[in-house]
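Take a look at the structure set out below.
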Amino acid sequence: MLYNLTYRGGTPWTEAHDPDGNIAALDAAMTIAATTEARVTVLEALPVFVTANTADTMSREENNGGLASAILIANALRVTMNAHAANAGEHTPGADAINFPVPLPVATTLPTLLSLSGLLLTAYAAHNADAMLVGGWAFHVAQVDNHALASAVTPVTLQEAVTRLTDLLAKYGAHQTSGVSHAVGNQNPEIVAAPAYGDTNMVPIVGVLGTDSIWIDLVDGGVGGVTLTAAVLGAGFVNIQFSADPQNTAIVRYAIFRT
């Protein structure tokens, strides 16, 4: 924007007129010290380019809903499975104080989620193995159908954590329901739902601020055919919202500016 400033004499200029003659106050950075010149033209600062990406493929490692729901079920399973293992009414040969309790802390971040998930998987696998024996049970009263995990390996990514916690929830549910391997079944059910991916990804972008401006466009809706609904910048990230889970296939492009 061009401003034509008329000299008022003796004091700094803090008032400007735009090309249509309208008065516009200047901010501190645009205030011009008084001179003997009768008129001067000021160019208002333009937005500064920060960064851009012409093809950013979404990743479930950045999915807000996936992380939040995985943390929720991991923390819930720790409490529920600890209660199950300690339940002497179900485990009449003796409560499982060998593999449980799974200790604190609770999960609050991706690293703590991965750690807790590993502890849960390991403890359940060992506990359930006792129920699969043909005899000589330490905790159970009879052999039960196979409720073994697909994998008890500690996850190293969010997607692995979601997959293995979903499997753990199902296998633990089947295990604790059994009135064959337990004196009384289904005393410690888990009521929290399995983890699920949401419609928003938090994409890290180094150096951006919440006060910056973003131009964003959908390049490819991916296998789910999602549409782009919103993008909100924060310090070092942008939350990109879609019509549904963008999975690992939706692609966007964006440019970020600072004023």
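Residue numbering restarts at 1 for every chain of the structure tokens, chains are lettered A, B, ... in their displayed order, and ligands are numbered from 1 as they appear.
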Closest-contact table, range 40-117 of chain A side, partner range 231-245 of chain A, 10 Å, counting only C-alpha atoms, as a Markdown table:
```
| residue | atom | partner | partner_atom | distance |
| --- | --- | --- | --- | --- |
| A:Met58 | CA | A:Ile240 | CA | 9.4 |
| A:Arg60 | CA | A:Asp245 | CA | 8.7 |
| A:Glu62 | CA | A:Asn239 | CA | 9.5 |
| A:Asn63 | CA | A:Asp245 | CA | 8.2 |
| A:Asn64 | CA | A:Asn239 | CA | 8.7 |
| A:Gly65 | CA | A:Asp245 | CA | 9.1 |
| A:Gly66 | CA | A:Asp245 | CA | 9.6 |
```
### Task
Enumerate, as JSON, numbers by chain, the complete set of residues in range 75-176 of chain A that a backbone-based DSSP assignment places in helix (DSSP H, G or I).
{"A": [75, 76, 77, 78, 79, 80, 81, 82, 83, 84, 85, 110, 111, 112, 113, 114, 115, 116, 117, 118, 119, 120, 121, 122, 123, 124, 125, 126, 127, 128, 129, 130, 131, 158, 159, 160, 161, 162, 163, 164, 165, 166, 167, 168, 169, 170, 171, 172, 173, 174, 175, 176]}
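Proximity to Ala126 in chain A at 12 Å, evaluated using only C-alpha atoms and with sequence-adjacent residues fewer than 5 positions away removed, yields Ala85, Asp96, Ala97, Ile98, Asn99, Phe100, Leu119, Leu120, Leu121, Ala131, Met132, Leu133, Ala138, Phe139, His147, Ala148, Leu149 and Ala152 of chain A.
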Write to file, as a PDB file, in the first residue's frame, the residues of the selection just made, with C-alpha atoms.
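The resulting file, part.pdb, is reproduced below:
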```
ATOM      1  CA  ALA A  85      -4.189 -59.992  37.013  1.00  0.00           C
ATOM      2  CA  ASP A  96      -0.508 -62.918  38.731  1.00  0.00           C
ATOM      3  CA  ALA A  97       2.036 -60.852  40.635  1.00  0.00           C
ATOM      4  CA  ILE A  98       4.843 -62.001  38.352  1.00  0.00           C
ATOM      5  CA  ASN A  99       3.891 -60.266  35.103  1.00  0.00           C
ATOM      6  CA  PHE A 100       1.798 -57.528  36.695  1.00  0.00           C
ATOM      7  CA  LEU A 119       5.066 -53.158  28.738  1.00  0.00           C
ATOM      8  CA  LEU A 120       1.403 -54.025  28.190  1.00  0.00           C
ATOM      9  CA  LEU A 121       2.133 -56.367  25.303  1.00  0.00           C
ATOM     10  CA  ALA A 131      -3.865 -69.952  30.161  1.00  0.00           C
ATOM     11  CA  MET A 132      -2.770 -71.813  27.017  1.00  0.00           C
ATOM     12  CA  LEU A 133      -0.950 -74.544  28.952  1.00  0.00           C
ATOM     13  CA  ALA A 138       0.226 -70.777  37.844  1.00  0.00           C
ATOM     14  CA  PHE A 139      -2.792 -68.467  37.583  1.00  0.00           C
ATOM     15  CA  HIS A 147      -5.858 -65.638  22.502  1.00  0.00           C
ATOM     16  CA  ALA A 148      -2.211 -64.959  21.659  1.00  0.00           C
ATOM     17  CA  LEU A 149      -1.167 -61.599  20.255  1.00  0.00           C
ATOM     18  CA  ALA A 152       4.183 -58.636  21.349  1.00  0.00           C
TER      19      ALA A 152
END
```
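Across A:Ala55, A:Leu165, A:Leu158, A:Ala150, the tightest approach to Ala76 in chain A is made by A:Leu165 when counting only C-alpha atoms.
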Fewer than 3 positions away in the same chain doesn't count, so skip those; otherwise give me all residues within 7 Å of range 190-194 of chain A, counting only C-alpha atoms, as a short mmCIF file (atom, residue, chain, number, x, y, z; two decimals) with N, CA and C atoms, in the first residue's frame.
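Everything below was put into part.cif:
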```cif
data_model
loop_
_atom_site.label_atom_id
_atom_site.label_comp_id
_atom_site.auth_asym_id
_atom_site.auth_seq_id
_atom_site.Cartn_x
_atom_site.Cartn_y
_atom_site.Cartn_z
N ILE A 73 -6.44 -45.54 25.25
CA ILE A 73 -6.65 -46.98 25.47
C ILE A 73 -5.45 -47.62 26.18
N ALA A 76 -5.88 -46.86 29.81
CA ALA A 76 -7.03 -47.61 30.34
C ALA A 76 -6.69 -49.08 30.51
N LEU A 77 -6.01 -49.67 29.53
CA LEU A 77 -5.65 -51.08 29.61
C LEU A 77 -4.68 -51.35 30.76
N THR A 80 -7.01 -51.63 33.77
CA THR A 80 -7.92 -52.78 33.68
C THR A 80 -7.17 -54.10 33.76
N THR A 166 -4.85 -52.26 19.27
CA THR A 166 -6.15 -52.76 18.80
C THR A 166 -6.21 -54.28 18.95
N LEU A 169 -6.38 -55.17 22.74
CA LEU A 169 -7.72 -54.95 23.29
C LEU A 169 -8.64 -56.13 22.97
#
```
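Separating CA of Glu160 in chain A from CA of Glu61 in chain A is a distance of 9.5 Å.
Secondary structure by DSSP on the backbone puts the following residues of range 138-231 of chain A in strand (DSSP E): A:Thr200, A:Asn201, A:Met202, A:Val203, A:Pro204, A:Ser213, A:Ile214, A:Trp215, A:Ile216, A:Asp217, A:Leu218, A:Val219, A:Asp220, A:Leu228, A:Thr229, A:Ala230, A:Ala231.
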For the residues selected in the previous step, produce a file with N, CA and C atoms as a short mmCIF file (atom, residue, chain, number, x, y, z; two decimals), in the first residue's frame.
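Wrote selection.cif, looks like this:
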```
data_model
loop_
_atom_site.label_atom_id
_atom_site.label_comp_id
_atom_site.auth_asym_id
_atom_site.auth_seq_id
_atom_site.Cartn_x
_atom_site.Cartn_y
_atom_site.Cartn_z
N THR A 200 -7.59 -35.01 11.36
CA THR A 200 -6.63 -33.91 11.42
C THR A 200 -5.21 -34.41 11.67
N ASN A 201 -4.28 -33.89 10.89
CA ASN A 201 -2.87 -34.20 11.06
C ASN A 201 -2.12 -32.97 11.55
N MET A 202 -1.23 -33.16 12.54
CA MET A 202 -0.35 -32.08 12.97
C MET A 202 0.99 -32.26 12.24
N VAL A 203 1.21 -31.40 11.26
CA VAL A 203 2.40 -31.50 10.41
C VAL A 203 3.47 -30.55 10.93
N PRO A 204 4.64 -31.04 11.33
CA PRO A 204 5.69 -30.14 11.83
C PRO A 204 6.30 -29.33 10.70
N SER A 213 0.62 -16.58 8.11
CA SER A 213 -0.52 -16.86 7.24
C SER A 213 -0.17 -18.02 6.31
N ILE A 214 -1.15 -18.85 6.00
CA ILE A 214 -0.91 -20.01 5.14
C ILE A 214 -1.87 -20.02 3.97
N TRP A 215 -1.34 -20.32 2.80
CA TRP A 215 -2.14 -20.67 1.64
C TRP A 215 -1.96 -22.16 1.44
N ILE A 216 -3.06 -22.90 1.32
CA ILE A 216 -2.97 -24.36 1.23
C ILE A 216 -3.98 -24.88 0.22
N ASP A 217 -3.62 -25.97 -0.45
CA ASP A 217 -4.46 -26.52 -1.49
C ASP A 217 -4.31 -28.04 -1.48
N LEU A 218 -5.37 -28.76 -1.82
CA LEU A 218 -5.33 -30.21 -1.90
C LEU A 218 -4.85 -30.63 -3.28
N VAL A 219 -3.79 -31.42 -3.31
CA VAL A 219 -3.26 -31.94 -4.56
C VAL A 219 -3.93 -33.26 -4.92
N ASP A 220 -4.10 -34.13 -3.92
CA ASP A 220 -4.67 -35.46 -4.14
C ASP A 220 -5.40 -35.90 -2.87
N LEU A 228 -10.14 -31.14 1.69
CA LEU A 228 -9.47 -30.27 2.65
C LEU A 228 -10.50 -29.32 3.25
N THR A 229 -10.50 -29.22 4.60
CA THR A 229 -11.50 -28.37 5.25
C THR A 229 -10.91 -27.19 6.00
N ALA A 230 -9.68 -27.32 6.55
CA ALA A 230 -9.12 -26.22 7.33
C ALA A 230 -7.63 -26.43 7.53
N ALA A 231 -6.93 -25.34 7.83
CA ALA A 231 -5.51 -25.40 8.19
C ALA A 231 -5.24 -24.29 9.19
#
```
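Taking CA of Ala86 in chain A and CA of Ala74 in chain A as endpoints, the distance between them is 18.2 Å.
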